[in-house]
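What follows is a short report on a single structure.
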Amino acid sequence: MQSLLRRLASDYGMLAVLILLGVVFSVLTLQEQSATGDTAARRVAASIRRQVPGAARVLVAVRPTPEDGILAESLRREIVAAGMDVAAVVQGEPRDVRAALNKVVASGSRLDAVAATERTASWLVLSDIQEIFPTLGAPPIFVPETYRWPTFLKSDNLLNIANQIAVIAIMAIGMTMVIITGGIDLSVGSLAALSAVMATRLIREQCGGMEASTAGMVFACATAIAVCGLLGGLSGTLITLFGIPPFIVTLAMMLVASGLAYIASAGQSIYQIPESFVWLGRGTGLFGLPHAVVLMLLLYAAAHVLMAQTILGRYLYAVGGNREAARLSGVPVRRVLLVAYVACGLLAGLGGVIMASQLKSGSPTYGNMYELYVIAAVVVGGTALSGGEGKILGTLIGAFIIAVIQNGMNLTNIESYTQKVVLGLVILAAVLVDKVRHR
Amino acid sequence: MSGAPAARRPASRLPPTGTPLLVMRGITKSFPGVQALRGVDLDVHPGEVLALLGENGAGKSTLMKVLGGAHTADAGVLELDGLKVAFRSPQEARVAGIAVIHQEFNLVPGLTAAENIFLGQESTRAGFVPRGEERRRAAELFRRLGAAIDLDTPCSRLTTAQQQLVEIARALARDARIIVMDEPTAALTAAEVSRLFEIIRDLTARGIAVIYISHRLDEIFALADRVVVLRDGRNVGARSRAGLGRTELIEMMVGRTLAEEYPRRNITLGPPRLAVTGLCRGRAVRDVSFTVRAGEILALAGLVGAGRTETLRLIFGADTRHAGEIILDGCRLDIRSPRDAIAAGIGLLTEDRKLQGLVLGHSVRENFALPNLGRFARFGFVDGRLEREACGRHVETLRIKVPHQEEQARNLSGGNQQKVVLAKWLERDCEVLFFDEPTRGIDVGARHEIYLLMNALAARGKAIVMVSSELPELLGLADRIVVMHDGRITGEIINGPTVTQEEVMRLAMA
């Protein structure tokens with residue numbers, strides 16, 4: 001049991017780093033948050049009823065942000081449910097609130113309370129409401145409760161992190177397999193761009209453009225992904241048949257694929273695709289998780305099983321650990337390498353399709369420099385570039401570490417140029433920590 | 001190929017006396033999970049050849065690593081010329097005059113022989129390396145070693161034997177006062193071994209002490225002045241070579257009497273199982289044909305480079321055949337890769353188990369399972385329990401000494417590593433097994449176990465072909481000896497009590 005725990009700690013040690021980063025950013029972003037959910041709205045409505053007996057008309061005043069918009073909707077629902085009337089819902093600037101209050105005064109009706117947010121309540125038009133609109137009486141202002149919670153840990157933010165990293169994480173699965181065999185694939189970013197361009201162009205031209213059916217879109221995406229798989233297979237063939245180093249072959253492929261993407265799109269962004277195309281990239285479903293995140297989790301589960309439990313997984317590790325010994329033990333080395341590069345190509349293609357879905361367009365500029373982030377995720381996750389060892393779930397942790405750092409830096413308002421420096425240093429530090437641990 | 005011992009040292013030469021050059025007292029060293037040295041004492045006199053013997057795991061390598069500065073002892077004292085020393089790095093030990101030639105070479109494959117010899121101790125002038133002088137000194141060293149090695153060839157393209165000579169030249173270039181040689185003759189021809197012995201004698205005549213580690217008892221008896229035996233991390237005895245018997249020596253190493261060094265066999269041979277005809281591959285293998293019967297141990301004998309390993313690799317599909325047929329149990333096999341050979345029931349234990357036989361970074365279990373995954377899997381999914389059980393069975397039967405199956409292969413001793421390799425093929429129940437240098441770098445006790453295993457396999461009707469550079473081993477085990485020279489078969493000898501090493505050697509050099 002003890003040795004099992006020790007091995008787990010050794011294989012997934014970067015999880016500690018991820019948790020540490022989470023703690024650090026949680027502490028750094030700890031601040032007063034306004035509740036925005038239905039419960040908060042209900043409580044506001046309830047406290048209005050309690051404190052202002054016979055209350056009948058309420059004005060809702062929020063800022064024009066999406067979050068406040070949701071709150072406004074909740075407030076309206078709850079106020080009506082509590083048996084009161086909503087005088088108006090103002091989602092705007094102070095002058096809009098002033099205008100609404102003027103209307104109320106002009107119409108001569110009462111105003112018993114104002115439901116606002118922490119921010120809007122501090123607007124002069126509301127905080128001095130008694131002075132500015134003396135005829136309204138003194139309608140009290142109610143705000144949702146606040147609570148202290150790290151912005152980092154808000155569910156919106158966490159889902160955002162997952163969604164942001166989903167594409168890179170998915171591509172990193174294939175990269176992990178390739179690196180475990182002792183190779184590398186620099187072409188994944190370009191393949192993603194090519195895939196995005198191909199998929200959108202096929203939709204625009206072969207499948208009906210804006211009127212494309214679901215089947216048409218699926219066909220286009222499948223074709224794009226398959227082509228990327230073929231290109232991955234081409235890389236793999238050149239590597240295994242002619243013994244050219246993977247670095248060179250995939251570097252060349254990176255340039256070729258990028259060029260093809262620009263040719264196929266004539267350098268433009270392709271956007272004539274139906275709205276429903278964003279289902280994969282922007283849609284949410286299961287437990288409120290974005291579809292891309294669900295796909296990411298499913299693929300990682302499948303990949304973990306493949307690497308840990310199947311013959312193919314063992315062969316991948318063996319080829320990376322000692323290719324000649326593997327060959328002399330009957331491992332079909334060429335076939336195994338080919339599978340790794342094809343898988344990497346397919347997943348890069350899938351990444352491109354997801355990006356196209358997220359951005360509702362395909363452009364040859366997508367995926368620029370992605371290969372570096374993908375490789376970083378693999379390496380930070382504990383897989384050695386020399387091959388023969390490494391865990392798929394480690395890559396997931398590595399991808400999240402990168403995403404958490406970027407997100408955390410955004411939340412703490414670190415300037416974007418500085419962010420790049422920090423990210424590079426952190427990747428170095430993570431690998432250093434890993435080396436020291438294994439000494 | 002060693003075996004013919006060079007002339008013994010003259011008996012009139014007195015054993016070394018006087019102040020020891022080196023004294024190691026109470027050296028203790030432990031690693032996580034293993035106590036490697038328990039208070040070892042050792043002293044070395046100037047000008048003597050001290051043989052250090054012991055089973056794998058007895059502590060010889062660790063002791064030499066402590067001496068060479070690669071490890072620091074947990075306890076104990078090192079004295080050089082009566083002065084206490086403590087080495088914090090191999091460089092410090094080298095500067096103090098201790099050179100260690102390791103069993104695995106420490107050469108940089110891409111550099112030439114001359115560059116490797118002076119690596120780390122280039123005498124530079126204003127940052128520039130005096131190439132001409134280096135070449136001159138390197139040529140001189142090689143001349144003394146009797147080696148015809150091109151100074152400008154990168155070491156990766158030298159043969160194993162030639163690389164060994166570069167290593168020895170490297171130690172000699174450092175004017176060491178104590179040279180430790182760890183299994184130096186593993187890949188040398190008999191002629192080269194003789195020359196090495198001459199050099200060692202030359203060095204000792206000049207007061208340099210040589211600590212000689214080898215499992216080849218013939219060499220020990222030919223060369224050493226004194227013998228020290230380690231067992232389980234302790235020094236169990238130092239004897240002068242004069243008057244020391246072979247059996248007594250083996251007993252000290254193993255801690256028990258070995259009834260016979262090469263277990264005897266009474267096996268009736270069955271019908272021919274493996275028949276190869278006309279095997280060809282360039283200059284390495286030229287028209288090789290032989291047959292192996294059920295229950296037979298066939299030995300391929302010859303000098304380094306005769307084509308023995310190449311022949312085995314050809315049959316196994318590791319290299320492409322240019323011509324030739326392979327017939328197993330009457331069926332013609334179309335072998336184009338190791339995968340085909342393995343599927344047909346042939347297994348190969350390679351000459352170099354670390355580079356070709358094992359994935360050192362993986363566990364014992366993973367290495368064992370690699371050619372056998374199909375047996376433990378259903379629909380491509382490996383059943384971990386079946387795998388662990390099978391591995392456990394072999395660990396027990398072969399007596400592989402590991403704390404658990406997840407131990408990394410690189411942490412095992414040579415003998416245990418070889419057993420893991422053997423377990424791989426035993427699980428497949430191969431019908432034909434090729435053993436290429438099965439006991440290289442393995443101590444007497446483990447060797448005996450491997451011989452017993454080979455005999456047991458033969459008794460079950462398998463066909464076994466072995467390649468060995470040690471004539472005593474060949475003569476002790478084989479039923480028939482096929483001798484090769486320069487890619488061709490020069491002769492076949494049916495083994496018996498009257499067969500001599502000289503007979504084999506003659507055919508090997510024909």
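Letters A, B, ... go to the chains of the structure tokens in the order shown; residues in each chain start at 1; ligands are counted from 1 in the same order.
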request  = At a cut-off of 6 Å, list the chain B residues touching chain A, using only C-alpha atoms, as a list in words.
outcome  = Pro338, Arg339, Gln356, Gly357, Leu358, Val359, Pro371, Gly380, Phe381 and Val382 of chain B
Residues just named, written with N, CA and C atoms as a short mmCIF file (atom, residue, chain, number, x, y, z; two decimals), in the first residue's frame:
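Printed below is result_22.cif as written:
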```cif
data_model
loop_
_atom_site.label_atom_id
_atom_site.label_comp_id
_atom_site.auth_asym_id
_atom_site.auth_seq_id
_atom_site.Cartn_x
_atom_site.Cartn_y
_atom_site.Cartn_z
N PRO B 338 11.81 -10.09 -35.86
CA PRO B 338 11.78 -10.84 -34.60
C PRO B 338 10.36 -11.31 -34.27
N ARG B 339 9.38 -10.53 -34.70
CA ARG B 339 8.00 -10.90 -34.41
C ARG B 339 7.66 -12.26 -35.03
N GLN B 356 19.90 -4.40 -25.29
CA GLN B 356 18.98 -5.04 -26.22
C GLN B 356 17.98 -5.98 -25.58
N GLY B 357 18.25 -6.35 -24.33
CA GLY B 357 17.40 -7.37 -23.74
C GLY B 357 16.34 -6.81 -22.82
N LEU B 358 16.58 -5.62 -22.29
CA LEU B 358 15.68 -5.08 -21.29
C LEU B 358 15.41 -3.61 -21.55
N VAL B 359 14.25 -3.17 -21.11
CA VAL B 359 14.00 -1.73 -21.04
C VAL B 359 14.34 -1.36 -19.60
N PRO B 371 7.03 -9.57 -24.37
CA PRO B 371 6.69 -10.43 -25.49
C PRO B 371 5.48 -11.32 -25.21
N GLY B 380 -7.36 -6.94 -26.37
CA GLY B 380 -6.40 -5.85 -26.31
C GLY B 380 -6.21 -5.28 -24.91
N PHE B 381 -7.01 -5.67 -23.95
CA PHE B 381 -6.85 -5.16 -22.58
C PHE B 381 -6.06 -6.15 -21.73
N VAL B 382 -5.04 -5.63 -21.10
CA VAL B 382 -4.16 -6.50 -20.33
C VAL B 382 -4.75 -6.78 -18.95
#
```
task = Write out as number ranges by chain which residues come within 7 Å of B:Arg293 when counting only C-alpha atoms, dropping same-chain ones fewer than 2 positions away.
result = B: 269-274, 291, 295-296, 463
Can you write out the residues you just picked, keeping N, CA and C atoms, as a compact mmCIF listing (two decimals), in the first residue's frame?
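After the write, out-v6.txt holds the following:
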```txt
# COMPACT_ATOMS: atom_id res chain seq x y z
N LEU B 269 19.27 -37.52 -27.08
CA LEU B 269 18.91 -36.54 -28.09
C LEU B 269 17.80 -37.03 -28.98
N GLY B 270 16.92 -36.13 -29.32
CA GLY B 270 15.78 -36.50 -30.14
C GLY B 270 16.04 -36.19 -31.60
N PRO B 271 14.96 -36.12 -32.36
CA PRO B 271 15.11 -35.85 -33.78
C PRO B 271 15.51 -34.38 -34.01
N PRO B 272 16.01 -34.08 -35.20
CA PRO B 272 16.42 -32.69 -35.48
C PRO B 272 15.20 -31.77 -35.44
N ARG B 273 15.39 -30.65 -34.78
CA ARG B 273 14.28 -29.70 -34.70
C ARG B 273 14.54 -28.48 -35.57
N LEU B 274 15.70 -27.87 -35.38
CA LEU B 274 15.99 -26.65 -36.13
C LEU B 274 17.05 -26.98 -37.18
N THR B 291 22.38 -28.04 -37.87
CA THR B 291 21.12 -28.61 -37.37
C THR B 291 21.21 -28.73 -35.87
N GLY B 295 16.61 -31.50 -27.35
CA GLY B 295 17.39 -31.85 -26.17
C GLY B 295 18.87 -31.55 -26.32
N GLU B 296 19.26 -30.97 -27.44
CA GLU B 296 20.67 -30.74 -27.67
C GLU B 296 21.06 -29.32 -27.32
N ALA B 463 15.45 -27.14 -28.32
CA ALA B 463 16.72 -27.06 -29.04
C ALA B 463 17.40 -25.78 -28.59
```
ask   = Could you pull the residues within 7 Å of B:Glu167, counting only C-alpha atoms, minus those fewer than 4 positions along the same chain, as a list in words?
value = Ile101, Gln163 and Ala171 of chain B
Serialized selection, C-alpha atoms, as an mmCIF file, in the first residue's frame:
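The resulting file, selection.cif, is reproduced below:
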```cif
data_model
loop_
_atom_site.group_PDB
_atom_site.id
_atom_site.type_symbol
_atom_site.label_atom_id
_atom_site.label_comp_id
_atom_site.auth_asym_id
_atom_site.auth_seq_id
_atom_site.Cartn_x
_atom_site.Cartn_y
_atom_site.Cartn_z
ATOM 1 C CA ILE B 101 38.062 1.169 -15.853
ATOM 2 C CA GLN B 163 36.756 0.325 -27.292
ATOM 3 C CA ALA B 171 43.634 4.932 -17.614
#
```
key: DSSP alpha helix (DSSP H) residues within stretch 331-440 of chain B, listed as a PyMOL selection string   = chain B and resi 338-344+364-369+373-376+384-397+414-428
Okay, now the selection with N, CA and C atoms, as a CSV table (one decimal), in the first residue's frame?
```
chain,number,residue,atom,x,y,z
B,338,PRO,N,11.8,-10.1,-35.9
B,338,PRO,CA,11.8,-10.8,-34.6
B,338,PRO,C,10.4,-11.3,-34.3
B,339,ARG,N,9.4,-10.5,-34.7
B,339,ARG,CA,8.0,-10.9,-34.4
B,339,ARG,C,7.7,-12.3,-35.0
B,340,ASP,N,8.1,-12.5,-36.2
B,340,ASP,CA,7.9,-13.8,-36.9
B,340,ASP,C,8.5,-14.9,-36.2
B,341,ALA,N,9.8,-14.7,-35.8
B,341,ALA,CA,10.6,-15.7,-35.1
B,341,ALA,C,9.9,-16.1,-33.8
B,342,ILE,N,9.5,-15.0,-33.1
B,342,ILE,CA,8.9,-15.3,-31.8
B,342,ILE,C,7.6,-16.0,-31.9
B,343,ALA,N,6.8,-15.7,-33.0
B,343,ALA,CA,5.6,-16.4,-33.2
B,343,ALA,C,5.8,-17.8,-33.5
B,344,ALA,N,7.0,-18.1,-34.2
B,344,ALA,CA,7.3,-19.5,-34.5
B,344,ALA,C,7.8,-20.3,-33.3
B,364,VAL,N,10.4,-4.9,-13.6
B,364,VAL,CA,10.7,-6.3,-13.9
B,364,VAL,C,9.4,-6.9,-14.5
B,365,ARG,N,8.3,-6.6,-14.0
B,365,ARG,CA,7.0,-7.1,-14.5
B,365,ARG,C,6.8,-6.7,-15.9
B,366,GLU,N,7.0,-5.4,-16.2
B,366,GLU,CA,6.8,-4.9,-17.6
B,366,GLU,C,7.7,-5.5,-18.6
B,367,ASN,N,9.0,-5.7,-18.1
B,367,ASN,CA,10.0,-6.3,-19.0
B,367,ASN,C,9.6,-7.8,-19.3
B,368,PHE,N,9.2,-8.5,-18.2
B,368,PHE,CA,8.8,-9.9,-18.4
B,368,PHE,C,7.6,-10.0,-19.3
B,369,ALA,N,6.7,-9.1,-19.2
B,369,ALA,CA,5.4,-9.2,-19.9
B,369,ALA,C,5.5,-8.8,-21.4
B,373,LEU,N,2.4,-10.2,-23.8
B,373,LEU,CA,1.2,-9.5,-23.5
B,373,LEU,C,0.0,-10.2,-24.1
B,374,GLY,N,0.2,-10.8,-25.2
B,374,GLY,CA,-1.0,-11.5,-25.9
B,374,GLY,C,-1.6,-12.5,-25.0
B,375,ARG,N,-0.7,-13.2,-24.2
B,375,ARG,CA,-1.3,-14.2,-23.3
B,375,ARG,C,-2.0,-13.7,-22.1
B,376,PHE,N,-1.7,-12.4,-21.7
B,376,PHE,CA,-2.4,-11.9,-20.6
B,376,PHE,C,-3.5,-11.0,-20.9
B,384,GLY,N,-4.1,-7.3,-15.5
B,384,GLY,CA,-3.0,-7.1,-14.6
B,384,GLY,C,-2.7,-8.3,-13.6
B,385,ARG,N,-3.8,-8.9,-13.2
B,385,ARG,CA,-3.7,-10.0,-12.3
B,385,ARG,C,-3.0,-11.2,-12.9
B,386,LEU,N,-3.4,-11.6,-14.1
B,386,LEU,CA,-2.7,-12.7,-14.8
B,386,LEU,C,-1.2,-12.4,-15.0
B,387,GLU,N,-1.0,-11.2,-15.3
B,387,GLU,CA,0.4,-10.8,-15.6
B,387,GLU,C,1.2,-10.9,-14.3
B,388,ARG,N,0.7,-10.4,-13.2
B,388,ARG,CA,1.4,-10.4,-11.9
B,388,ARG,C,1.6,-11.8,-11.5
B,389,GLU,N,0.6,-12.6,-11.6
B,389,GLU,CA,0.7,-14.0,-11.2
B,389,GLU,C,1.8,-14.7,-12.0
B,390,ALA,N,1.8,-14.6,-13.3
B,390,ALA,CA,2.8,-15.3,-14.1
B,390,ALA,C,4.2,-14.8,-13.8
B,391,CYS,N,4.3,-13.5,-13.6
B,391,CYS,CA,5.6,-12.9,-13.2
B,391,CYS,C,6.1,-13.5,-11.9
B,392,GLY,N,5.2,-13.5,-10.9
B,392,GLY,CA,5.5,-14.1,-9.6
B,392,GLY,C,6.0,-15.5,-9.7
B,393,ARG,N,5.3,-16.3,-10.6
B,393,ARG,CA,5.7,-17.7,-10.7
B,393,ARG,C,7.2,-17.8,-11.2
B,394,HIS,N,7.5,-17.0,-12.2
B,394,HIS,CA,8.9,-17.1,-12.7
B,394,HIS,C,9.9,-16.5,-11.7
B,395,VAL,N,9.5,-15.4,-11.0
B,395,VAL,CA,10.4,-14.9,-10.0
B,395,VAL,C,10.8,-16.0,-9.0
B,396,GLU,N,9.8,-16.8,-8.7
B,396,GLU,CA,10.0,-17.8,-7.7
B,396,GLU,C,10.9,-18.9,-8.3
B,397,THR,N,10.4,-19.4,-9.5
B,397,THR,CA,11.2,-20.6,-10.0
B,397,THR,C,12.6,-20.2,-10.4
B,414,GLY,N,23.5,-8.1,-12.5
B,414,GLY,CA,23.6,-8.7,-13.8
B,414,GLY,C,22.9,-10.0,-13.9
B,415,GLY,N,23.1,-10.9,-12.9
B,415,GLY,CA,22.6,-12.2,-12.9
B,415,GLY,C,21.1,-12.2,-12.8
B,416,ASN,N,20.5,-11.3,-12.0
B,416,ASN,CA,19.1,-11.2,-11.9
B,416,ASN,C,18.5,-10.6,-13.2
B,417,GLN,N,19.2,-9.7,-13.8
B,417,GLN,CA,18.7,-9.1,-15.0
B,417,GLN,C,18.6,-10.2,-16.1
B,418,GLN,N,19.6,-11.0,-16.1
B,418,GLN,CA,19.6,-12.1,-17.1
B,418,GLN,C,18.5,-13.1,-16.8
B,419,LYS,N,18.2,-13.3,-15.6
B,419,LYS,CA,17.1,-14.2,-15.3
B,419,LYS,C,15.7,-13.6,-15.7
B,420,VAL,N,15.6,-12.3,-15.6
B,420,VAL,CA,14.4,-11.7,-16.1
B,420,VAL,C,14.2,-11.9,-17.6
B,421,VAL,N,15.4,-11.7,-18.3
B,421,VAL,CA,15.3,-11.9,-19.8
B,421,VAL,C,14.9,-13.3,-20.1
B,422,LEU,N,15.5,-14.3,-19.3
B,422,LEU,CA,15.1,-15.7,-19.5
B,422,LEU,C,13.7,-15.9,-19.2
B,423,ALA,N,13.2,-15.3,-18.2
B,423,ALA,CA,11.8,-15.5,-17.8
B,423,ALA,C,10.8,-15.1,-19.0
B,424,LYS,N,11.2,-14.0,-19.7
B,424,LYS,CA,10.4,-13.6,-20.8
B,424,LYS,C,10.2,-14.7,-21.8
B,425,TRP,N,11.2,-15.5,-22.1
B,425,TRP,CA,11.1,-16.5,-23.1
B,425,TRP,C,10.5,-17.8,-22.5
B,426,LEU,N,10.8,-18.0,-21.2
B,426,LEU,CA,10.2,-19.2,-20.6
B,426,LEU,C,8.7,-19.2,-20.6
B,427,GLU,N,8.2,-18.0,-20.4
B,427,GLU,CA,6.7,-17.8,-20.3
B,427,GLU,C,6.1,-18.2,-21.7
B,428,ARG,N,6.9,-17.9,-22.7
B,428,ARG,CA,6.3,-18.2,-24.1
B,428,ARG,C,6.5,-19.7,-24.4
```
request  = Write down as a ChimeraX atom specification the residues belonging to stretch 256-354 of chain B that are assigned strand (DSSP E or B) by DSSP computed on the backbone.
outcome  = /B:272-281,285-293,297-301,323-328,331-333,346-349
inquiry  = Just want the 10 Å neighbourhood of B:Thr309, counted on only C-alpha atoms, with same-chain residues fewer than 4 positions away dropped. Output as a list in words.
reply    = Ala284, Val285, Leu300, Val304, Gly305, Arg313, Leu314, Thr350, Glu351, Phe434, Phe435, Asp436, Glu437, Met466, Val467 and Ser468 of chain B
Closest contacts (stretch 15-67 of chain A/stretch 377-383 of chain A, max 12 Å, only C-alpha atoms) as a Markdown table:
```
| residue | atom | partner | partner_atom | distance |
| --- | --- | --- | --- | --- |
| A:Leu15 | CA | A:Gly381 | CA | 8.5 |
| A:Ala16 | CA | A:Gly381 | CA | 11.2 |
| A:Val17 | CA | A:Val380 | CA | 10.0 |
| A:Leu18 | CA | A:Gly381 | CA | 10.0 |
```
